[in-house]
>>> print(open('data-v3.pdb').read())   # PDB, C-alpha atoms and all ligand atoms
ATOM      1  CA  MET A   1      26.484 -12.435  22.274  1.00  0.00           C
ATOM      2  CA  GLY A   2      28.238 -14.627  24.766  1.00  0.00           C
ATOM      3  CA  ILE A   3      27.240 -17.816  26.494  1.00  0.00           C
ATOM      4  CA  GLY A   4      25.079 -17.641  29.586  1.00  0.00           C
ATOM      5  CA  TYR A   5      21.567 -16.970  30.824  1.00  0.00           C
ATOM      6  CA  GLU A   6      19.164 -14.098  30.093  1.00  0.00           C
ATOM      7  CA  ASP A   7      16.445 -15.291  32.495  1.00  0.00           C
ATOM      8  CA  THR A   8      18.349 -15.151  35.782  1.00  0.00           C
ATOM      9  CA  PRO A   9      18.004 -12.552  38.588  1.00  0.00           C
ATOM     10  CA  ILE A  10      20.006  -9.310  38.583  1.00  0.00           C
ATOM     11  CA  LEU A  11      22.845  -9.381  41.107  1.00  0.00           C
ATOM     12  CA  PRO A  12      22.357  -6.808  43.905  1.00  0.00           C
ATOM     13  CA  GLY A  13      24.085  -3.496  43.209  1.00  0.00           C
ATOM     14  CA  MET A  14      25.179  -4.547  39.733  1.00  0.00           C
ATOM     15  CA  PRO A  15      23.982  -4.198  36.164  1.00  0.00           C
ATOM     16  CA  TRP A  16      24.557  -7.936  35.564  1.00  0.00           C
ATOM     17  CA  ARG A  17      22.418 -10.999  35.860  1.00  0.00           C
ATOM     18  CA  VAL A  18      23.678 -14.217  37.433  1.00  0.00           C
ATOM     19  CA  HIS A  19      25.715 -15.915  34.628  1.00  0.00           C
ATOM     20  CA  ASP A  20      25.115 -12.867  32.403  1.00  0.00           C
ATOM     21  CA  PRO A  21      26.246 -13.489  28.806  1.00  0.00           C
ATOM     22  CA  ASN A  22      26.897  -9.745  28.378  1.00  0.00           C
ATOM     23  CA  ARG A  23      29.125  -9.309  31.415  1.00  0.00           C
ATOM     24  CA  PRO A  24      32.640  -8.519  30.105  1.00  0.00           C
ATOM     25  CA  LEU A  25      35.025 -11.468  30.046  1.00  0.00           C
ATOM     26  CA  PRO A  26      38.198 -11.058  32.118  1.00  0.00           C
ATOM     27  CA  PRO A  27      41.243 -10.094  30.062  1.00  0.00           C
ATOM     28  CA  VAL A  28      43.682 -12.910  29.337  1.00  0.00           C
ATOM     29  CA  VAL A  29      47.072 -12.836  31.068  1.00  0.00           C
ATOM     30  CA  THR A  30      49.857 -15.325  30.350  1.00  0.00           C
ATOM     31  CA  PRO A  31      51.119 -16.521  33.744  1.00  0.00           C
ATOM     32  CA  ARG A  32      54.558 -17.874  34.679  1.00  0.00           C
ATOM     33  CA  PRO A  33      55.326 -21.297  33.170  1.00  0.00           C
ATOM     34  CA  ALA A  34      54.078 -24.409  34.988  1.00  0.00           C
ATOM     35  CA  GLY A  35      56.415 -26.117  37.428  1.00  0.00           C
ATOM     36  CA  GLY A  36      56.555 -28.973  39.901  1.00  0.00           C
ATOM     37  CA  PRO A  37      54.555 -29.131  43.117  1.00  0.00           C
ATOM     38  CA  VAL A  38      55.110 -26.141  45.416  1.00  0.00           C
ATOM     39  CA  ALA A  39      56.754 -27.316  48.666  1.00  0.00           C
ATOM     40  CA  PRO A  40      54.503 -26.596  51.666  1.00  0.00           C
ATOM     41  CA  PRO A  41      55.698 -24.441  54.571  1.00  0.00           C
ATOM     42  CA  SER A  42      56.565 -26.232  57.808  1.00  0.00           C
ATOM     43  CA  ASP A  43      53.264 -25.494  59.556  1.00  0.00           C
ATOM     44  CA  ALA A  44      51.002 -26.547  56.675  1.00  0.00           C
ATOM     45  CA  VAL A  45      48.346 -29.185  57.281  1.00  0.00           C
ATOM     46  CA  MET A  46      48.549 -31.584  54.347  1.00  0.00           C
ATOM     47  CA  LEU A  47      45.188 -32.589  52.894  1.00  0.00           C
ATOM     48  CA  PHE A  48      46.527 -34.470  49.866  1.00  0.00           C
ATOM     49  CA  ASP A  49      50.190 -35.239  49.307  1.00  0.00           C
ATOM     50  CA  GLY A  50      49.792 -36.988  45.948  1.00  0.00           C
ATOM     51  CA  ARG A  51      49.632 -40.497  47.373  1.00  0.00           C
ATOM     52  CA  ASP A  52      47.329 -40.806  50.336  1.00  0.00           C
ATOM     53  CA  GLY A  53      43.687 -40.029  49.570  1.00  0.00           C
ATOM     54  CA  SER A  54      42.368 -41.273  52.905  1.00  0.00           C
ATOM     55  CA  GLY A  55      41.849 -37.730  54.201  1.00  0.00           C
ATOM     56  CA  TRP A  56      38.867 -37.441  51.837  1.00  0.00           C
ATOM     57  CA  VAL A  57      35.468 -39.093  51.663  1.00  0.00           C
ATOM     58  CA  SER A  58      32.477 -39.003  49.368  1.00  0.00           C
ATOM     59  CA  ALA A  59      30.660 -35.735  50.084  1.00  0.00           C
ATOM     60  CA  LYS A  60      27.329 -37.398  49.507  1.00  0.00           C
ATOM     61  CA  THR A  61      27.653 -40.670  51.415  1.00  0.00           C
ATOM     62  CA  GLY A  62      30.718 -40.327  53.648  1.00  0.00           C
ATOM     63  CA  GLU A  63      32.073 -43.519  52.095  1.00  0.00           C
ATOM     64  CA  PRO A  64      35.781 -43.876  51.204  1.00  0.00           C
ATOM     65  CA  ASN A  65      37.228 -41.517  48.596  1.00  0.00           C
ATOM     66  CA  PRO A  66      35.953 -42.752  45.198  1.00  0.00           C
ATOM     67  CA  TRP A  67      38.383 -40.764  43.039  1.00  0.00           C
ATOM     68  CA  LYS A  68      41.386 -42.259  41.229  1.00  0.00           C
ATOM     69  CA  ILE A  69      44.810 -41.792  42.822  1.00  0.00           C
ATOM     70  CA  GLU A  70      47.885 -42.441  40.667  1.00  0.00           C
ATOM     71  CA  ASN A  71      51.177 -40.847  39.610  1.00  0.00           C
ATOM     72  CA  GLY A  72      51.056 -38.230  42.361  1.00  0.00           C
ATOM     73  CA  TYR A  73      47.591 -36.886  41.695  1.00  0.00           C
ATOM     74  CA  MET A  74      43.921 -37.508  42.421  1.00  0.00           C
ATOM     75  CA  GLU A  75      41.537 -37.517  39.453  1.00  0.00           C
ATOM     76  CA  VAL A  76      37.783 -36.984  39.385  1.00  0.00           C
ATOM     77  CA  VAL A  77      35.977 -40.199  38.492  1.00  0.00           C
ATOM     78  CA  PRO A  78      32.976 -38.795  36.617  1.00  0.00           C
ATOM     79  CA  LYS A  79      29.660 -39.582  38.314  1.00  0.00           C
ATOM     80  CA  SER A  80      31.384 -40.868  41.460  1.00  0.00           C
ATOM     81  CA  GLY A  81      30.399 -37.637  43.205  1.00  0.00           C
ATOM     82  CA  SER A  82      32.178 -34.765  44.908  1.00  0.00           C
ATOM     83  CA  ILE A  83      34.586 -35.430  47.767  1.00  0.00           C
ATOM     84  CA  MET A  84      35.263 -33.563  51.003  1.00  0.00           C
ATOM     85  CA  SER A  85      38.121 -33.410  53.462  1.00  0.00           C
ATOM     86  CA  LYS A  86      37.649 -35.210  56.753  1.00  0.00           C
ATOM     87  CA  ILE A  87      39.184 -32.220  58.516  1.00  0.00           C
ATOM     88  CA  GLU A  88      37.024 -29.138  59.084  1.00  0.00           C
ATOM     89  CA  PHE A  89      38.541 -25.692  59.392  1.00  0.00           C
ATOM     90  CA  GLY A  90      37.648 -22.005  59.322  1.00  0.00           C
ATOM     91  CA  SER A  91      39.620 -18.988  58.107  1.00  0.00           C
ATOM     92  CA  CYS A  92      42.753 -20.202  56.384  1.00  0.00           C
ATOM     93  CA  GLN A  93      45.353 -20.067  53.656  1.00  0.00           C
ATOM     94  CA  ILE A  94      44.945 -22.885  51.129  1.00  0.00           C
ATOM     95  CA  HIS A  95      47.271 -24.044  48.390  1.00  0.00           C
ATOM     96  CA  LEU A  96      46.213 -26.556  45.771  1.00  0.00           C
ATOM     97  CA  GLU A  97      47.185 -27.555  42.267  1.00  0.00           C
ATOM     98  CA  TRP A  98      44.888 -28.735  39.502  1.00  0.00           C
ATOM     99  CA  ALA A  99      45.030 -29.692  35.849  1.00  0.00           C
ATOM    100  CA  SER A 100      42.242 -29.886  33.312  1.00  0.00           C
ATOM    101  CA  PRO A 101      42.303 -32.836  30.867  1.00  0.00           C
ATOM    102  CA  ALA A 102      45.047 -32.555  28.211  1.00  0.00           C
ATOM    103  CA  GLU A 103      42.611 -33.796  25.627  1.00  0.00           C
ATOM    104  CA  VAL A 104      39.987 -31.103  25.087  1.00  0.00           C
ATOM    105  CA  VAL A 105      36.449 -32.461  25.329  1.00  0.00           C
ATOM    106  CA  GLY A 106      33.354 -30.264  25.465  1.00  0.00           C
ATOM    107  CA  ALA A 107      33.055 -26.495  25.631  1.00  0.00           C
ATOM    108  CA  SER A 108      32.100 -23.678  27.982  1.00  0.00           C
ATOM    109  CA  GLN A 109      31.029 -25.102  31.372  1.00  0.00           C
ATOM    110  CA  GLY A 110      31.381 -28.656  30.032  1.00  0.00           C
ATOM    111  CA  ARG A 111      35.153 -28.430  29.552  1.00  0.00           C
ATOM    112  CA  GLY A 112      37.425 -29.271  32.477  1.00  0.00           C
ATOM    113  CA  ASN A 113      34.863 -28.225  35.081  1.00  0.00           C
ATOM    114  CA  SER A 114      35.397 -28.900  38.771  1.00  0.00           C
ATOM    115  CA  GLY A 115      35.387 -26.625  41.757  1.00  0.00           C
ATOM    116  CA  VAL A 116      36.829 -25.863  45.163  1.00  0.00           C
ATOM    117  CA  PHE A 117      34.052 -25.377  47.707  1.00  0.00           C
ATOM    118  CA  LEU A 118      35.215 -23.601  50.839  1.00  0.00           C
ATOM    119  CA  MET A 119      33.270 -24.867  53.831  1.00  0.00           C
ATOM    120  CA  ARG A 120      31.332 -26.962  51.283  1.00  0.00           C
ATOM    121  CA  ARG A 121      29.357 -23.830  50.318  1.00  0.00           C
ATOM    122  CA  TYR A 122      31.429 -21.215  48.540  1.00  0.00           C
ATOM    123  CA  GLU A 123      32.779 -22.249  45.136  1.00  0.00           C
ATOM    124  CA  ILE A 124      35.927 -21.077  43.463  1.00  0.00           C
ATOM    125  CA  GLN A 125      35.429 -22.300  39.929  1.00  0.00           C
ATOM    126  CA  VAL A 126      37.864 -24.752  38.379  1.00  0.00           C
ATOM    127  CA  LEU A 127      37.487 -24.767  34.595  1.00  0.00           C
ATOM    128  CA  ASP A 128      39.633 -25.144  31.513  1.00  0.00           C
ATOM    129  CA  SER A 129      39.361 -21.463  30.603  1.00  0.00           C
ATOM    130  CA  TYR A 130      42.192 -21.588  28.062  1.00  0.00           C
ATOM    131  CA  ASP A 131      40.594 -20.261  24.881  1.00  0.00           C
ATOM    132  CA  ASN A 132      37.223 -21.519  26.121  1.00  0.00           C
ATOM    133  CA  PRO A 133      34.626 -18.749  26.271  1.00  0.00           C
ATOM    134  CA  THR A 134      31.896 -19.073  28.877  1.00  0.00           C
ATOM    135  CA  TYR A 135      29.921 -16.613  30.984  1.00  0.00           C
ATOM    136  CA  ALA A 136      32.216 -14.306  32.941  1.00  0.00           C
ATOM    137  CA  ASP A 137      31.132 -15.418  36.414  1.00  0.00           C
ATOM    138  CA  GLY A 138      31.862 -19.039  35.476  1.00  0.00           C
ATOM    139  CA  THR A 139      35.481 -18.488  34.327  1.00  0.00           C
ATOM    140  CA  ALA A 140      38.325 -20.345  36.059  1.00  0.00           C
ATOM    141  CA  GLY A 141      38.918 -18.637  39.384  1.00  0.00           C
ATOM    142  CA  SER A 142      35.519 -16.961  39.455  1.00  0.00           C
ATOM    143  CA  ILE A 143      33.534 -16.840  42.648  1.00  0.00           C
ATOM    144  CA  TYR A 144      30.945 -18.809  40.782  1.00  0.00           C
ATOM    145  CA  GLY A 145      27.812 -16.870  39.934  1.00  0.00           C
ATOM    146  CA  GLN A 146      29.048 -13.716  41.684  1.00  0.00           C
ATOM    147  CA  TYR A 147      32.418 -12.339  40.622  1.00  0.00           C
ATOM    148  CA  PRO A 148      34.507 -13.110  37.543  1.00  0.00           C
ATOM    149  CA  PRO A 149      38.244 -13.166  38.210  1.00  0.00           C
ATOM    150  CA  LEU A 150      40.079  -9.868  37.598  1.00  0.00           C
ATOM    151  CA  VAL A 151      41.930 -11.638  34.774  1.00  0.00           C
ATOM    152  CA  ASN A 152      42.001 -15.029  33.094  1.00  0.00           C
ATOM    153  CA  ALA A 153      45.393 -16.532  33.999  1.00  0.00           C
ATOM    154  CA  CYS A 154      44.635 -20.080  32.838  1.00  0.00           C
ATOM    155  CA  ARG A 155      47.355 -22.331  31.522  1.00  0.00           C
ATOM    156  CA  LYS A 156      46.908 -24.762  28.640  1.00  0.00           C
ATOM    157  CA  PRO A 157      44.863 -27.937  29.042  1.00  0.00           C
ATOM    158  CA  GLY A 158      46.821 -30.633  30.872  1.00  0.00           C
ATOM    159  CA  GLU A 159      49.273 -28.212  32.511  1.00  0.00           C
ATOM    160  CA  TRP A 160      49.419 -27.996  36.309  1.00  0.00           C
ATOM    161  CA  GLN A 161      48.028 -24.784  37.767  1.00  0.00           C
ATOM    162  CA  THR A 162      48.142 -23.348  41.274  1.00  0.00           C
ATOM    163  CA  TYR A 163      45.477 -21.719  43.423  1.00  0.00           C
ATOM    164  CA  ASP A 164      46.539 -19.858  46.549  1.00  0.00           C
ATOM    165  CA  ILE A 165      43.552 -18.814  48.590  1.00  0.00           C
ATOM    166  CA  VAL A 166      43.202 -16.564  51.633  1.00  0.00           C
ATOM    167  CA  TRP A 167      39.841 -17.218  53.202  1.00  0.00           C
ATOM    168  CA  GLN A 168      38.111 -15.330  55.961  1.00  0.00           C
ATOM    169  CA  ALA A 169      35.066 -17.307  56.983  1.00  0.00           C
ATOM    170  CA  PRO A 170      31.765 -15.472  57.439  1.00  0.00           C
ATOM    171  CA  LEU A 171      30.534 -14.784  60.957  1.00  0.00           C
ATOM    172  CA  PHE A 172      26.969 -15.314  62.096  1.00  0.00           C
ATOM    173  CA  ASP A 173      25.172 -13.867  65.072  1.00  0.00           C
ATOM    174  CA  GLY A 174      22.381 -16.344  65.611  1.00  0.00           C
ATOM    175  CA  ASP A 175      20.687 -16.586  62.249  1.00  0.00           C
ATOM    176  CA  LYS A 176      21.937 -13.162  61.104  1.00  0.00           C
ATOM    177  CA  LEU A 177      25.053 -12.501  59.077  1.00  0.00           C
ATOM    178  CA  ALA A 178      27.487 -10.506  61.240  1.00  0.00           C
ATOM    179  CA  ARG A 179      30.363 -10.345  58.743  1.00  0.00           C
ATOM    180  CA  PRO A 180      30.492 -11.654  55.179  1.00  0.00           C
ATOM    181  CA  ALA A 181      33.141 -14.047  53.929  1.00  0.00           C
ATOM    182  CA  VAL A 182      36.191 -12.421  52.340  1.00  0.00           C
ATOM    183  CA  LEU A 183      38.328 -14.109  49.729  1.00  0.00           C
ATOM    184  CA  SER A 184      41.616 -13.402  48.034  1.00  0.00           C
ATOM    185  CA  LEU A 185      42.845 -15.699  45.270  1.00  0.00           C
ATOM    186  CA  VAL A 186      46.105 -16.018  43.347  1.00  0.00           C
ATOM    187  CA  HIS A 187      46.124 -18.221  40.231  1.00  0.00           C
ATOM    188  CA  ASN A 188      49.503 -19.246  38.798  1.00  0.00           C
ATOM    189  CA  GLY A 189      51.044 -16.273  40.630  1.00  0.00           C
ATOM    190  CA  VAL A 190      48.442 -13.786  39.378  1.00  0.00           C
ATOM    191  CA  VAL A 191      45.881 -12.058  41.642  1.00  0.00           C
ATOM    192  CA  LEU A 192      42.301 -12.886  40.621  1.00  0.00           C
ATOM    193  CA  HIS A 193      40.515 -11.540  43.715  1.00  0.00           C
ATOM    194  CA  HIS A 194      41.739  -9.101  46.323  1.00  0.00           C
ATOM    195  CA  ALA A 195      39.703  -9.124  49.559  1.00  0.00           C
ATOM    196  CA  ARG A 196      36.442  -9.800  47.761  1.00  0.00           C
ATOM    197  CA  GLU A 197      33.325  -9.902  49.936  1.00  0.00           C
ATOM    198  CA  LEU A 198      31.060 -12.784  49.004  1.00  0.00           C
ATOM    199  CA  MET A 199      27.324 -12.213  48.555  1.00  0.00           C
ATOM    200  CA  GLY A 200      26.454 -15.614  49.947  1.00  0.00           C
ATOM    201  CA  ALA A 201      26.763 -19.325  49.278  1.00  0.00           C
ATOM    202  CA  THR A 202      27.171 -20.570  45.716  1.00  0.00           C
ATOM    203  CA  THR A 203      24.098 -21.319  43.662  1.00  0.00           C
ATOM    204  CA  HIS A 204      23.362 -21.989  40.003  1.00  0.00           C
ATOM    205  CA  ARG A 205      21.070 -19.503  38.233  1.00  0.00           C
ATOM    206  CA  GLN A 206      19.923 -18.065  41.609  1.00  0.00           C
ATOM    207  CA  LEU A 207      20.905 -15.162  43.831  1.00  0.00           C
ATOM    208  CA  PRO A 208      23.494 -16.124  46.443  1.00  0.00           C
ATOM    209  CA  VAL A 209      22.281 -16.003  50.051  1.00  0.00           C
ATOM    210  CA  TYR A 210      23.909 -16.679  53.388  1.00  0.00           C
ATOM    211  CA  THR A 211      22.526 -19.452  55.533  1.00  0.00           C
ATOM    212  CA  PRO A 212      24.053 -19.735  59.022  1.00  0.00           C
ATOM    213  CA  HIS A 213      26.573 -22.534  59.448  1.00  0.00           C
ATOM    214  CA  PRO A 214      29.270 -23.573  61.923  1.00  0.00           C
ATOM    215  CA  PRO A 215      32.557 -21.607  61.989  1.00  0.00           C
ATOM    216  CA  ARG A 216      34.440 -24.584  60.561  1.00  0.00           C
ATOM    217  CA  GLY A 217      33.726 -26.722  57.537  1.00  0.00           C
ATOM    218  CA  ALA A 218      35.268 -29.260  55.207  1.00  0.00           C
ATOM    219  CA  LEU A 219      36.885 -28.453  51.875  1.00  0.00           C
ATOM    220  CA  GLU A 220      34.912 -29.971  49.013  1.00  0.00           C
ATOM    221  CA  LEU A 221      36.122 -30.753  45.495  1.00  0.00           C
ATOM    222  CA  GLN A 222      33.489 -30.981  42.794  1.00  0.00           C
ATOM    223  CA  ASP A 223      32.677 -33.843  40.460  1.00  0.00           C
ATOM    224  CA  HIS A 224      31.277 -31.980  37.457  1.00  0.00           C
ATOM    225  CA  ASN A 225      31.649 -35.005  35.200  1.00  0.00           C
ATOM    226  CA  ASN A 226      35.110 -34.070  33.867  1.00  0.00           C
ATOM    227  CA  PRO A 227      38.344 -35.931  34.811  1.00  0.00           C
ATOM    228  CA  VAL A 228      40.125 -32.949  36.400  1.00  0.00           C
ATOM    229  CA  ARG A 229      43.238 -33.725  38.464  1.00  0.00           C
ATOM    230  CA  PHE A 230      44.366 -32.369  41.842  1.00  0.00           C
ATOM    231  CA  ARG A 231      47.625 -32.570  43.783  1.00  0.00           C
ATOM    232  CA  ASN A 232      49.489 -30.937  46.651  1.00  0.00           C
ATOM    233  CA  ILE A 233      46.557 -29.654  48.709  1.00  0.00           C
ATOM    234  CA  TRP A 234      47.382 -28.051  52.061  1.00  0.00           C
ATOM    235  CA  TYR A 235      46.175 -25.323  54.341  1.00  0.00           C
ATOM    236  CA  ARG A 236      47.296 -23.140  57.233  1.00  0.00           C
ATOM    237  CA  PRO A 237      44.680 -22.128  59.801  1.00  0.00           C
ATOM    238  CA  LEU A 238      44.260 -18.385  60.336  1.00  0.00           C
ATOM    239  CA  ASP A 239      41.769 -18.366  63.198  1.00  0.00           C
TER     240      ASP A 239
HETATM  241 MG    MG A 301      32.500 -26.000  38.966  1.00  0.00          MG
END
>>> encode(input="data-v3.pdb", output="structure tokens")
Amino acid sequence: MGIGYEDTPILPGMPWRVHDPNRPLPPVVTPRPAGGPVAPPSDAVMLFDGRDGSGWVSAKTGEPNPWKIENGYMEVVPKSGSIMSKIEFGSCQIHLEWASPAEVVGASQGRGNSGVFLMRRYEIQVLDSYDNPTYADGTAGSIYGQYPPLVNACRKPGEWQTYDIVWQAPLFDGDKLARPAVLSLVHNGVVLHHARELMGATTHRQLPVYTPHPPRGALELQDHNNPVRFRNIWYRPLD
């Protein structure tokens, strides 16, 4: 018996519930060793360079970025709320680096939890998934509540990790979905998702659904009450 929920809806076309404790956990893969920040290509749009956090605001209030910036990273200040980029964009390539706290506190979804919300709606889970069992669709690099990663390529707590994302934004025709969002994700050099079609926007304990939204949106980083760190965040537009 794993950790999860037995009272949630069954995902369409699957034998699994949302956050199903019986859904198989992704196999563990040891990725390449951690390194320094990955230099951006020349046409990258920098969202956070390790020093200047002014490109981000509180997602809730729009007030100045409440997270801590020091030593080349930005750290979640628990309870200060999620933050979002001032820039809005659509289909894109995104690179970012994150580190869960070196000191292990909590377990399952309470340990090193944050998240990368594309267009403020579609979460790629950030979690300390190093020897930290949780429900499969909540593992680091999961499309939260929908698809576990193909493998668990998490590094040890405190080590810097990379996400490289290729994002194709969904298309809407009026209030109908014309084309679902498609995501590919590489974690520490290891493919976690290859052209995965999303079922809808991220929810907790509910079925994902699409709600029409503009073709561009901000990138949001989650305050889930754990002091997760971020650095070197940039994107390249693909639309
Ligand atoms: Mg999260």
>>> residues_near_ligand(input="data-v3.pdb", ligand="ligand MG 301 (chain A)", cutoff="9 Å", atoms="all atoms listed in the file", output="list in words")
Gln109, Gly112, Asn113, Ser114, Gly115, Val116, Phe117, Glu123, Ile124, Gln125, Val126, Leu127, Gly138, Ala140, Tyr144, Leu221, Gln222, Asp223 and His224 of chain A
>>> closest_residue(input="data-v3.pdb", among="A:Ala102, A:Leu219, A:Val209, A:Ile143", to="Met84 of chain A", atoms="only C-alpha atoms")
A:Leu219
>>> resolve_selection(input="data-v3.pdb", expression="the PyMOL selection byres (((chain A and resi 46-57) around 7) and not hetatm)", output="mmCIF file with C-alpha atoms, in the frame of the given file")
data_model
loop_
_atom_site.group_PDB
_atom_site.id
_atom_site.type_symbol
_atom_site.label_atom_id
_atom_site.label_comp_id
_atom_site.auth_asym_id
_atom_site.auth_seq_id
_atom_site.Cartn_x
_atom_site.Cartn_y
_atom_site.Cartn_z
ATOM 1 C CA ALA A 44 51.002 -26.547 56.675
ATOM 2 C CA VAL A 45 48.346 -29.185 57.281
ATOM 3 C CA SER A 58 32.477 -39.003 49.368
ATOM 4 C CA ALA A 59 30.660 -35.735 50.084
ATOM 5 C CA GLY A 62 30.718 -40.327 53.648
ATOM 6 C CA GLU A 63 32.073 -43.519 52.095
ATOM 7 C CA PRO A 64 35.781 -43.876 51.204
ATOM 8 C CA ASN A 65 37.228 -41.517 48.596
ATOM 9 C CA ILE A 69 44.810 -41.792 42.822
ATOM 10 C CA GLY A 72 51.056 -38.230 42.361
ATOM 11 C CA TYR A 73 47.591 -36.886 41.695
ATOM 12 C CA MET A 74 43.921 -37.508 42.421
ATOM 13 C CA ILE A 83 34.586 -35.430 47.767
ATOM 14 C CA MET A 84 35.263 -33.563 51.003
ATOM 15 C CA SER A 85 38.121 -33.410 53.462
ATOM 16 C CA LYS A 86 37.649 -35.210 56.753
ATOM 17 C CA ARG A 231 47.625 -32.570 43.783
ATOM 18 C CA ASN A 232 49.489 -30.937 46.651
ATOM 19 C CA ILE A 233 46.557 -29.654 48.709
ATOM 20 C CA TRP A 234 47.382 -28.051 52.061
ATOM 21 C CA TYR A 235 46.175 -25.323 54.341
#
>>> closest_residue(input="data-v3.pdb", among="A:Asn22, A:Asn225, A:Ser91, A:Thr211", to="Val182 of chain A", atoms="all atoms listed in the file")
A:Ser91
>>> closest_residue(input="data-v3.pdb", among="A:Pro40, A:Gly13, A:Phe230, A:Arg32", to="Gly158 of chain A", atoms="only C-alpha atoms")
A:Phe230
>>> atom_distance(input="data-v3.pdb", atom1="atom CA of Ala201 of chain A", atom2="atom CA of Arg121 of chain A")
5.3 Å
>>> atom_distance(input="data-v3.pdb", atom1="atom CA of Pro78 of chain A", atom2="atom CA of Pro66 of chain A")
9.9 Å
>>> residues_around(input="data-v3.pdb", residues="Asp175 of chain A", least_positions_apart="4", cutoff="10 Å", atoms="all atoms listed in the file", output="list in words")
Tyr210, Thr211, Pro212 and His213 of chain A
>>> residues_around(input="data-v3.pdb", residues="Lys156 of chain A", least_positions_apart="6", cutoff="9 Å", atoms="only C-alpha atoms", output="VMD selection string")
chain A and resid 99 to 100 102 128 to 131
>>> resolve_selection(input="data-v3.pdb", expression="the PyMOL selection byres (((chain A and resi 6) around 9) and not hetatm)", output="JSON list (two decimals) with C-alpha atoms, in the frame of the given file")
[["chain", "number", "residue", "atom", "x", "y", "z"],
["A", 4, "GLY", "CA", 25.08, -17.64, 29.59],
["A", 5, "TYR", "CA", 21.57, -16.97, 30.82],
["A", 7, "ASP", "CA", 16.44, -15.29, 32.49],
["A", 8, "THR", "CA", 18.35, -15.15, 35.78],
["A", 9, "PRO", "CA", 18.00, -12.55, 38.59],
["A", 17, "ARG", "CA", 22.42, -11.00, 35.86],
["A", 18, "VAL", "CA", 23.68, -14.22, 37.43],
["A", 19, "HIS", "CA", 25.72, -15.92, 34.63],
["A", 20, "ASP", "CA", 25.12, -12.87, 32.40],
["A", 21, "PRO", "CA", 26.25, -13.49, 28.81]]
>>> closest_residue(input="data-v3.pdb", among="A:Thr30, A:Asn226, A:Asn132, A:Gln168", to="Gly81 of chain A", atoms="all atoms listed in the file")
A:Asn226
>>> axis_aligned_box(input="data-v3.pdb", around="segment 16-20 of chain A", padding_each_side="6 Å", output="JSON")
{"center_x": 24.1, "center_y": -11.9, "center_z": 34.9, "size_x": 15.3, "size_y": 20.0, "size_z": 17.0}
>>> residues_around(input="data-v3.pdb", residues="Trp167 of chain A", least_positions_apart="5", cutoff="8 Å", atoms="all atoms listed in the file", output="PyMOL selection string")
chain A and resi 91-94+181-184
>>> residues_around(input="data-v3.pdb", residues="Ala153 of chain A", least_positions_apart="3", cutoff="9 Å", atoms="all atoms listed in the file", output="list in words")
Pro27, Val28, Val29, Thr30, Pro31, Ser129, Tyr130, Ala140, Gly141, Pro149, His187, Asn188, Gly189, Val190, Val191 and Leu192 of chain A
